[in-house]
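Asker: What follows is protein39.txt; its format and atoms are compact mmCIF, C-alpha atoms.
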# COMPACT_ATOMS: atom_id res chain seq x y z
CA GLU A 1329 35.40 8.82 13.05
CA SER A 1330 37.45 7.25 15.82
CA HIS A 1331 37.14 7.70 19.54
CA ILE A 1332 38.49 6.30 22.78
CA GLN A 1333 36.62 3.75 24.82
CA TYR A 1334 37.57 3.01 28.39
CA GLU A 1335 36.60 -0.28 30.00
CA ARG A 1336 37.32 -1.94 33.30
CA VAL A 1337 39.54 -4.99 33.59
CA GLY A 1338 37.28 -8.00 33.78
CA ALA A 1339 34.31 -6.34 32.11
CA ASP A 1340 32.41 -7.81 29.19
CA VAL A 1341 32.57 -5.42 26.26
CA THR A 1342 30.15 -5.30 23.34
CA MET A 1343 31.16 -3.21 20.37
CA LYS A 1344 28.68 -2.19 17.72
CA CYS A 1345 29.81 -1.59 14.19
CA GLY A 1346 28.63 2.00 14.06
CA SER A 1347 25.17 2.22 12.53
CA MET A 1348 25.32 -1.17 10.82
CA ASP A 1349 22.40 -3.55 11.43
CA TRP A 1350 22.89 -6.49 13.71
CA ASP A 1351 22.66 -8.94 10.82
CA ALA A 1352 25.10 -7.11 8.53
CA ALA A 1353 28.21 -8.97 7.41
CA VAL A 1354 31.27 -7.34 8.92
CA THR A 1355 34.85 -8.09 9.80
CA TRP A 1356 36.52 -6.87 12.93
CA THR A 1357 40.22 -6.29 13.40
CA ALA A 1358 42.33 -5.58 16.45
CA ASN A 1359 45.46 -3.55 15.72
CA GLY A 1360 45.20 -4.60 12.07
CA THR A 1361 44.80 -8.32 12.75
CA ASP A 1362 41.52 -10.03 11.87
CA ILE A 1363 39.46 -11.22 14.81
CA ASP A 1364 37.94 -14.66 14.60
CA GLU A 1365 34.18 -14.70 13.97
CA SER A 1366 33.62 -16.73 17.12
CA HIS A 1367 33.88 -13.45 19.00
CA GLN A 1368 31.01 -12.00 17.04
CA ASN A 1369 27.34 -11.96 17.79
CA GLY A 1370 25.92 -10.86 14.44
CA SER A 1371 27.84 -7.70 13.65
CA TYR A 1372 28.63 -7.02 17.29
CA LEU A 1373 32.02 -7.80 18.68
CA ILE A 1374 31.93 -9.47 22.10
CA LEU A 1375 34.98 -9.38 24.32
CA LYS A 1376 34.44 -11.21 27.58
CA ASN A 1377 36.41 -10.53 30.74
CA VAL A 1378 38.78 -8.05 29.10
CA ASN A 1379 42.36 -7.79 30.22
CA LEU A 1380 45.06 -5.16 29.77
CA THR A 1381 46.61 -6.85 26.73
CA GLN A 1382 43.38 -6.35 24.83
CA SER A 1383 43.85 -2.58 24.70
CA GLY A 1384 44.31 -1.33 21.18
CA GLN A 1385 42.63 -0.14 18.05
CA TYR A 1386 39.50 -2.01 16.98
CA SER A 1387 38.13 -1.53 13.49
CA CYS A 1388 35.02 -2.78 11.77
CA TYR A 1389 34.81 -3.24 7.98
CA GLU A 1390 31.75 -3.89 5.84
CA GLY A 1391 31.87 -7.43 4.49
CA SER A 1392 32.12 -7.09 0.73
CA SER A 1393 33.22 -3.49 0.17
CA TRP A 1394 35.77 -3.51 2.96
CA HIS A 1395 34.73 0.00 3.84
CA LEU A 1396 35.79 1.11 7.32
CA LYS A 1397 32.54 1.58 9.21
CA TYR A 1398 33.71 2.11 12.74
CA GLN A 1399 36.90 2.48 14.72
CA THR A 1400 37.61 2.77 18.40
CA ASP A 1401 40.63 2.93 20.63
CA LEU A 1402 39.95 0.51 23.48
CA ARG A 1403 41.78 1.28 26.69
CA VAL A 1404 41.43 -1.28 29.45
CA GLY A 1405 42.12 0.00 32.93
CA MET A 1406 40.83 0.33 36.46
CA PRO A 1407 39.03 2.93 38.47
CA PRO A 1408 41.39 4.70 40.90
CA LYS A 1409 41.88 3.33 44.39
CA GLU A 1410 42.16 5.69 47.35
CA PRO A 1411 45.24 7.89 46.71
CA VAL A 1412 48.09 8.26 49.20
CA LEU A 1413 48.49 11.87 50.31
CA MET A 1414 51.10 13.50 52.51
CA CYS A 1415 51.74 17.12 53.48
CA ARG A 1416 54.89 18.52 54.98
CA SER A 1417 56.50 21.82 55.86
CA ASN A 1418 60.25 21.73 55.33
CA ASN A 1419 60.45 25.52 55.05
CA TYR A 1420 58.47 26.71 58.07
CA PRO A 1421 57.22 29.41 58.43
CA LYS A 1422 56.99 30.04 54.68
CA GLY A 1423 54.55 27.30 53.73
CA PHE A 1424 54.08 23.61 53.09
CA TYR A 1425 53.72 21.18 50.24
CA CYS A 1426 51.50 18.19 49.62
CA SER A 1427 52.41 15.28 47.44
CA TRP A 1428 50.46 12.22 46.38
CA HIS A 1429 50.48 9.03 44.40
CA LEU A 1430 48.22 6.12 43.58
CA PRO A 1431 48.85 2.85 45.44
CA THR A 1432 48.22 0.83 42.27
CA PRO A 1433 48.33 1.98 38.64
CA THR A 1434 45.09 2.48 36.71
CA TYR A 1435 46.68 2.09 33.24
CA ILE A 1436 44.59 4.94 31.87
CA PRO A 1437 44.97 8.71 32.23
CA VAL A 1438 43.99 10.26 35.60
CA THR A 1439 43.52 13.81 36.76
CA PHE A 1440 44.16 15.02 40.29
CA ASN A 1441 42.31 17.80 41.99
CA ILE A 1442 43.44 19.16 45.33
CA SER A 1443 41.67 21.53 47.69
CA VAL A 1444 43.15 23.16 50.78
CA ILE A 1445 40.81 24.71 53.30
CA HIS A 1446 41.78 26.68 56.39
CA GLY A 1447 38.68 27.40 58.42
CA THR A 1448 36.38 29.08 55.94
CA ARG A 1449 39.15 30.11 53.59
CA GLU A 1450 40.03 28.15 50.46
CA MET A 1451 43.76 28.36 49.77
CA VAL A 1452 45.59 28.06 46.47
CA CYS A 1453 47.95 25.12 46.06
CA GLU A 1454 50.39 25.93 43.28
CA LYS A 1455 51.26 22.86 41.26
CA ASP A 1456 54.90 22.00 40.70
CA VAL A 1457 56.10 21.42 37.15
CA PHE A 1458 58.29 18.63 38.45
CA PRO A 1459 57.54 16.38 40.17
CA LYS A 1460 54.01 16.51 38.82
CA ASN A 1461 52.20 15.15 41.83
CA ARG A 1462 53.04 17.97 44.18
CA CYS A 1463 51.84 21.45 44.99
CA HIS A 1464 52.83 24.26 47.32
CA ILE A 1465 50.84 26.41 49.71
CA ARG A 1466 52.05 29.61 51.29
CA TYR A 1467 51.03 30.24 54.88
CA LEU A 1468 48.83 33.31 55.06
CA GLN A 1469 48.57 33.13 58.84
CA LEU A 1470 50.92 31.77 61.44
CA PHE A 1471 50.20 30.39 64.91
CA SER A 1472 46.63 29.53 64.00
CA THR A 1473 44.69 27.01 66.08
CA VAL A 1474 42.41 26.35 63.13
CA LYS A 1475 43.21 23.09 61.37
CA TYR A 1476 44.01 22.68 57.69
CA LYS A 1477 41.93 20.29 55.62
CA VAL A 1478 43.41 18.97 52.39
CA THR A 1479 41.28 16.88 50.06
CA LEU A 1480 42.69 15.11 47.04
CA THR A 1481 40.37 13.68 44.41
CA VAL A 1482 41.64 11.46 41.63
CA THR A 1483 39.42 10.88 38.64
CA ASN A 1484 39.61 8.78 35.51
CA ALA A 1485 37.08 7.61 32.94
CA LEU A 1486 36.14 4.63 35.11
CA GLY A 1487 35.62 6.27 38.46
CA LYS A 1488 36.92 8.54 41.16
CA SER A 1489 38.35 8.30 44.63
CA SER A 1490 39.44 10.79 47.23
CA THR A 1491 41.23 11.13 50.55
CA THR A 1492 41.38 13.90 53.15
CA LEU A 1493 44.06 14.97 55.59
CA THR A 1494 43.35 17.23 58.56
CA PHE A 1495 46.21 18.70 60.55
CA ASP A 1496 47.49 21.55 62.71
CA GLU A 1497 50.03 24.06 61.45
CA PHE A 1498 52.81 22.62 63.63
CA ALA A 1499 52.03 18.95 63.14
CA ILE A 1500 53.48 18.73 59.62
CA VAL A 1501 56.74 20.61 60.24
CA LYS A 1502 59.69 18.43 59.24
CA PRO A 1503 62.95 20.07 58.15
CA ASP A 1504 65.24 18.59 55.50
CA PRO A 1505 68.42 16.84 56.69
CA PRO A 1506 71.58 18.85 57.50
CA GLU A 1507 73.83 19.71 54.57
CA SER A 1508 77.54 19.49 53.94
CA VAL A 1509 78.09 16.96 56.70
CA VAL A 1510 81.86 16.48 56.88
CA ALA A 1511 83.96 14.39 59.23
CA LYS A 1512 87.63 15.33 59.39
CA PRO A 1513 90.42 13.76 61.35
CA VAL A 1514 91.92 15.90 64.07
CA PRO A 1515 95.65 16.51 63.66
CA ASN A 1516 97.78 14.73 66.23
CA ASN A 1517 94.75 13.01 67.71
CA PRO A 1518 93.86 9.76 65.96
CA ARG A 1519 91.01 9.03 68.35
CA ARG A 1520 89.07 12.16 67.49
CA LEU A 1521 86.98 13.33 64.57
CA GLU A 1522 85.74 16.81 63.85
CA VAL A 1523 82.23 16.78 62.40
CA SER A 1524 80.74 19.87 60.84
CA TRP A 1525 77.44 20.53 59.10
CA GLN A 1526 75.11 23.25 57.87
CA ASN A 1527 71.45 24.00 58.39
CA PRO A 1528 69.42 22.67 55.44
CA SER A 1529 69.24 25.41 52.82
CA SER A 1530 65.47 24.96 52.59
CA TRP A 1531 65.03 26.15 56.21
CA PRO A 1532 64.48 29.90 55.77
CA ASP A 1533 65.03 31.35 59.25
CA PRO A 1534 67.24 29.29 61.57
CA GLU A 1535 67.64 32.24 63.96
CA SER A 1536 63.96 32.56 64.79
CA PHE A 1537 63.31 28.84 64.33
CA PRO A 1538 66.49 27.13 65.42
CA LEU A 1539 67.04 23.48 64.59
CA LYS A 1540 68.35 20.87 66.97
CA PHE A 1541 70.85 18.29 65.71
CA PHE A 1542 71.68 14.84 66.99
CA LEU A 1543 74.87 13.02 66.09
CA ARG A 1544 75.70 9.36 66.32
CA TYR A 1545 78.76 7.47 65.11
CA ARG A 1546 80.30 4.02 65.10
CA PRO A 1547 83.52 2.40 63.90
CA LEU A 1548 82.77 0.20 60.90
CA ILE A 1549 83.86 -2.90 62.76
CA LEU A 1550 81.21 -2.42 65.47
CA ASP A 1551 77.43 -2.68 65.19
CA GLN A 1552 76.52 -0.41 68.08
CA TRP A 1553 76.05 3.33 67.63
CA GLN A 1554 77.42 5.87 70.06
CA HIS A 1555 75.47 9.06 70.64
CA VAL A 1556 77.11 12.42 71.16
CA ALA B 541 61.24 57.87 66.88
CA ALA B 542 63.83 55.12 67.10
CA ALA B 543 64.34 52.77 69.99
CA ASP B 544 67.27 53.36 72.29
CA SER B 545 70.22 51.77 70.51
CA SER B 546 72.98 52.51 73.01
CA PRO B 547 75.20 49.50 73.74
CA SER B 548 73.78 49.14 77.24
CA ALA B 549 70.21 49.21 75.95
CA THR B 550 71.08 46.66 73.27
CA LEU B 551 72.58 44.35 75.84
CA ARG B 552 69.62 44.80 78.17
CA ARG B 553 67.23 44.05 75.31
CA ARG B 554 69.05 40.86 74.43
CA ASP B 555 69.22 39.82 78.06
CA LEU B 556 65.48 40.45 78.50
CA CYS B 557 64.79 38.58 75.27
CA SER B 558 66.70 35.47 76.27
CA ARG B 559 65.07 35.44 79.70
CA GLY B 560 61.72 36.05 78.10
CA ILE B 561 62.30 33.12 75.74
CA ARG B 562 62.98 30.86 78.69
CA LEU B 563 59.91 32.15 80.53
CA ALA B 564 57.70 31.60 77.50
CA GLY B 565 59.14 28.13 76.93
CA LYS B 566 58.46 27.08 80.51
CA MET B 567 55.02 28.67 80.37
CA ARG B 568 54.17 26.69 77.26
CA LEU B 569 55.11 23.39 78.90
CA ASP B 570 52.99 24.25 81.95
CA VAL B 571 50.05 25.27 79.76
CA ILE B 572 50.25 21.93 77.94
CA ASP B 573 50.16 20.11 81.29
CA LEU B 574 47.31 22.35 82.42
CA LEU B 575 45.41 21.46 79.24
CA ASP B 576 45.74 17.76 80.06
CA THR B 577 44.56 18.35 83.63
CA TYR B 578 41.70 20.57 82.48
CA VAL B 579 40.47 18.09 79.89
CA GLU B 580 40.54 15.30 82.44
CA ARG B 581 38.94 17.20 85.34
CA GLN B 582 36.23 18.76 83.21
CA GLY B 583 35.32 15.47 81.62
CA LEU B 584 36.09 16.65 78.10
CA ASP B 585 37.61 14.90 75.11
CA ALA B 586 41.09 16.05 74.11
CA SER B 587 40.17 15.90 70.43
CA THR B 588 37.15 18.21 70.78
CA SER B 589 37.46 21.03 68.33
CA VAL B 590 36.46 24.41 69.63
CA ALA B 591 35.20 27.21 67.44
CA ALA B 592 36.74 30.70 67.63
CA VAL B 593 36.42 31.69 71.25
CA GLU B 594 34.63 34.85 72.30
CA GLY B 595 36.83 37.50 73.90
CA VAL B 596 40.07 35.51 73.59
CA PRO B 597 43.04 37.05 71.77
CA ALA B 598 43.84 34.87 68.76
CA ALA B 599 47.50 33.97 68.25
CA ALA B 600 46.96 33.69 64.51
CA VAL B 601 48.59 36.55 62.62
CA GLU B 602 49.15 37.52 58.99
CA HIS B 603 52.45 38.98 57.71
CA TRP B 604 54.11 37.91 60.95
CA ASP B 605 57.61 38.28 59.56
CA GLU B 606 56.94 41.92 58.61
CA GLN B 607 55.98 43.09 62.09
CA THR B 608 58.17 45.66 63.82
CA GLY B 609 59.67 44.90 67.21
CA THR B 610 57.33 47.37 68.91
CA GLN B 611 54.29 45.83 67.24
CA ARG B 612 55.30 42.37 68.37
CA LEU B 613 55.70 43.50 71.95
CA LEU B 614 52.41 45.37 71.96
CA ASP B 615 50.48 42.43 70.48
CA ASN B 616 52.04 40.11 73.03
CA LEU B 617 51.40 42.47 75.95
CA MET B 618 47.74 42.98 75.02
CA ALA B 619 47.28 39.25 74.70
CA TYR B 620 48.86 38.30 78.01
CA ARG B 621 47.01 41.03 79.88
CA ALA B 622 43.80 39.60 78.46
CA PHE B 623 44.83 36.07 79.42
CA ARG B 624 45.61 37.25 82.92
CA ALA B 625 42.01 38.40 83.28
CA LEU B 626 40.58 35.31 81.55
CA LEU B 627 42.55 32.89 83.72
CA ALA B 628 41.52 34.80 86.85
CA GLN B 629 37.91 34.37 85.76
CA MET B 630 38.41 30.66 85.09
CA LEU B 631 40.02 30.23 88.48
CA GLU B 632 37.16 31.95 90.24
CA GLU B 633 34.51 29.96 88.37
CA GLN B 634 36.34 26.75 89.03
CA ARG B 635 36.46 27.51 92.75
CA GLU B 636 32.74 28.38 92.76
CA GLN B 637 31.79 25.23 90.94
CA LEU B 638 33.97 22.69 92.60
CA GLY B 639 34.96 24.54 95.73
CA GLU B 640 38.15 23.30 97.20
CA ALA B 641 37.34 19.76 96.02
CA ASP B 642 39.51 20.06 92.96
CA ALA B 643 42.72 21.52 94.28
CA VAL B 644 44.77 20.00 91.48
CA LEU B 645 43.11 21.98 88.72
CA GLY B 646 42.94 25.10 90.88
CA ARG B 647 46.66 24.92 91.64
CA ALA B 648 47.58 24.34 88.00
CA LEU B 649 45.43 27.29 86.91
CA ALA B 650 46.93 29.52 89.59
CA ALA B 651 50.49 28.54 88.63
CA VAL B 652 49.91 29.38 84.98
CA LEU B 653 48.15 32.63 85.93
CA LEU B 654 51.27 33.60 87.88
CA GLN B 655 53.50 32.92 84.88
CA VAL B 656 51.20 34.85 82.57
CA SER B 657 51.35 37.85 84.94
CA ALA B 658 55.13 37.58 85.17
CA PHE B 659 55.45 37.40 81.41
CA ALA B 660 53.20 40.43 80.94
CA TYR B 661 55.44 42.33 83.34
CA HIS B 662 58.51 41.13 81.43
CA LEU B 663 56.99 42.45 78.21
CA GLU B 664 56.41 45.82 79.86
CA GLU B 665 60.12 45.93 80.72
CA LEU B 666 61.00 45.24 77.09
CA LEU B 667 58.62 47.95 75.91
CA GLN B 668 60.34 50.46 78.19
CA LEU B 669 63.40 50.04 75.98
CA GLU B 670 61.40 50.94 72.89
CA SER B 671 60.74 54.64 72.53
CA ARG B 672 57.12 53.95 73.30
CA GLY B 673 56.57 52.72 76.84
CA PRO B 674 53.91 50.21 77.68
CA PRO B 675 50.31 51.38 77.41
CA CYS B 676 48.32 51.69 80.65
CA ASP B 677 46.76 48.55 81.90
CA GLU B 678 42.99 48.73 81.77
CA GLY B 679 42.89 46.03 84.44
CA ALA B 680 39.61 44.25 83.95
CA GLY B 681 39.30 41.96 80.96
CA PRO B 682 36.27 41.57 78.70
CA PRO B 683 33.03 40.64 80.51
CA PRO B 684 32.57 36.89 80.93
CA PRO B 685 30.22 35.31 78.40
CA SER B 686 27.32 34.83 80.82
CA HIS B 687 24.86 33.27 78.43
CA LEU B 688 26.68 29.98 78.17
CA SER B 689 25.61 26.68 79.71
CA LEU B 690 27.95 24.86 82.06
CA PHE B 691 29.18 22.61 79.28
CA GLU B 692 29.69 25.54 76.94
CA ARG B 693 31.74 27.28 79.61
CA LYS B 694 33.96 24.24 79.86
CA LEU B 695 34.50 24.32 76.11
CA TRP B 696 35.17 28.02 76.32
CA GLY B 697 37.85 27.35 78.96
CA LEU B 698 39.38 24.73 76.65
CA GLY B 699 39.52 27.31 73.88
CA VAL B 700 41.22 29.83 76.18
CA LEU B 701 43.95 27.38 77.18
CA ARG B 702 44.57 26.18 73.64
CA GLU B 703 44.94 29.72 72.39
CA LEU B 704 47.30 30.49 75.29
CA ALA B 705 49.46 27.50 74.36
CA GLN B 706 49.63 28.84 70.83
CA TRP B 707 50.58 32.29 72.10
CA ALA B 708 53.41 30.84 74.15
CA VAL B 709 54.91 29.38 70.98
CA ARG B 710 54.44 32.64 69.12
CA SER B 711 56.03 34.63 71.96
CA VAL B 712 59.23 32.59 71.75
CA ARG B 713 59.37 33.29 68.01
CA ASP B 714 58.59 36.96 68.51
CA LEU B 715 61.35 37.34 71.09
CA ARG B 716 63.84 35.63 68.83
CA GLN B 717 62.99 38.07 66.08
CA LEU B 718 63.39 40.90 68.54
CA ALA B 719 66.78 39.60 69.68
CA LYS B 720 68.19 39.59 66.15
CA PRO B 721 70.75 42.33 65.65
CA SER B 722 69.07 44.99 63.54
CA PRO B 723 70.85 46.05 60.33
CA GLY B 724 73.22 48.94 61.00
CA SER B 725 73.76 48.21 64.67
CA SER B 726 77.25 47.27 65.84
CA SER B 727 78.01 43.58 65.75
CA ALA B 728 77.56 41.96 69.13
CA PRO B 729 79.04 38.72 70.48
CA SER B 730 76.90 35.76 69.45
CA MET B 731 74.51 34.43 72.04
CA THR B 732 74.61 30.78 72.88
CA GLU B 733 71.28 29.61 74.17
CA SER B 734 69.37 26.40 74.13
CA PRO B 735 66.60 26.37 71.52
Is it possible to give me this structure as structure tokens?

Answerer:
Amino acid sequence: ESHIQYERVGADVTMKCGSMDWDAAVTWTANGTDIDESHQNGSYLILKNVNLTQSGQYSCYEGSSWHLKYQTDLRVGMPPKEPVLMCRSNNYPKGFYCSWHLPTPTYIPVTFNISVIHGTREMVCEKDVFPKNRCHIRYLQLFSTVKYKVTLTVTNALGKSSTTLTFDEFAIVKPDPPESVVAKPVPNNPRRLEVSWQNPSSWPDPESFPLKFFLRYRPLILDQWQHV
Amino acid sequence: AAADSSPSATLRRRDLCSRGIRLAGKMRLDVIDLLDTYVERQGLDASTSVAAVEGVPAAAVEHWDEQTGTQRLLDNLMAYRAFRALLAQMLEEQREQLGEADAVLGRALAAVLLQVSAFAYHLEELLQLESRGPPCDEGAGPPPPSHLSLFERKLWGLGVLRELAQWAVRSVRDLRQLAKPSPGSSSAPSMTESP
């Protein structure tokens, strides 16, 4: 039967040919290509200081009968480094989202587990279908002085790593940019422009939670911005 | 029973709301300054986290967007009446402890206490416009937590001020909700006010 074997980059890997004795005569192949006997210690296959290119299917055949005795899918990768996590509310007061990524790839499958705690209460973070590394939380309470604690744990076959963010309800509020920003010339006044815009559609209640806008402009030929 | 929805009452409500929003906004800024002064004078660390504080009205609320106007006003009024009593206590304790030596903190506390009282009164005015007038004022607040050490009392005071700062934010939001034209009422000229 075949299985998957995960190993760290740089590790020394010893593969046994199933239940064959050490002194049995065997041949190893990697992705169908014979491996030179110099890599063998008896019937064991020795791969020193493995690198990513050595991932693949390894098979072991009994010497004379060429029976397949063992097969494994070697995946070379790395344990996860500390993930990068951010949380933001662009739709206050409805809720907030958290999104994350790994600073460096691990080259093997990882799972992410996120927990959101508010005081003593564990909150549900609903995962997005797309993008995958994001989930949403709905505020159950508003105006709370109790901080939120979000912990993200990333796990793969070679290890795990986690990071925690602690923040106040207000600290992560950041609306999306204004929409439909349009600059129109003013008739009969070549030195004026009329700029109009809309509240971001993600901001649910601009009347109770009004947004402030700042406008700056410059002619293309100048480097300095003017502020309105 | 419905609130008075005559044009004059509607205008008065909106006028009281916009003034209330300005009062609450100013109060919040002064509470933030008071927090800085308090932390410094009491020798505390600004990042100290304080557990839920005994006898202090929590600003945290569930289903906030579903509250009726009357409920919002009542919750606010109860809170600020409580803060009025709590701040008066803090002021008295502070004078007992430090005497007149720390006039800065005493003055800052007194100034915020004044604003809290004024805001409570403002809320009573708003409640008059609702069919239900303001409830009677019981006057005295909850008894001071007497079993605390000096340090614990300082932390308690920190908790009071933090919760008050939170309430000031909530009050602005509550008043904005209140100022929204209710469905079915006649359209009114749009208000221009600074956020």

Asker: Between CA of Gly1384 in chain A and CA of Leu1402 in chain A, what distance in Å does the model show, to one decimal?

Answerer: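 CA of Leu1402 in chain A lies 5.3 Å from CA of Gly1384 in chain A.
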
Asker: If I take CA of Leu574 in chain B and CA of Arg647 in chain B, how far is one from the other in Å, to one decimal?

Answerer: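 That distance, rounded to one decimal, is 9.6 Å.
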
Asker: Name the closest residue to chain B among the candidates A:Thr1448, A:Thr1473, A:Ser1387, A:Ser1490; distances are taken between atoms, counting only C-alpha atoms.

Answerer: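 Using only C-alpha atoms, chain B sits closest to A:Thr1473.
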
Asker: Which residue out of A:Ile1445, A:Cys1388, A:Met1343, A:Leu1468 has the minimum interatomic distance to Phe1495 in chain A when all atoms listed in the file are used?

Answerer: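 So, comparing all the options, the nearest one is A:Ile1445.
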
Asker: Tell me which protein, DNA and RNA residues are within 9 Å of Leu627 in chain B, counting only C-alpha atoms, leaving out same-chain ones fewer than 3 positions away, and put them as a ChimeraX atom specification.

Answerer: /B:622-624,630-632,649-650,652-653,656,697,700-701
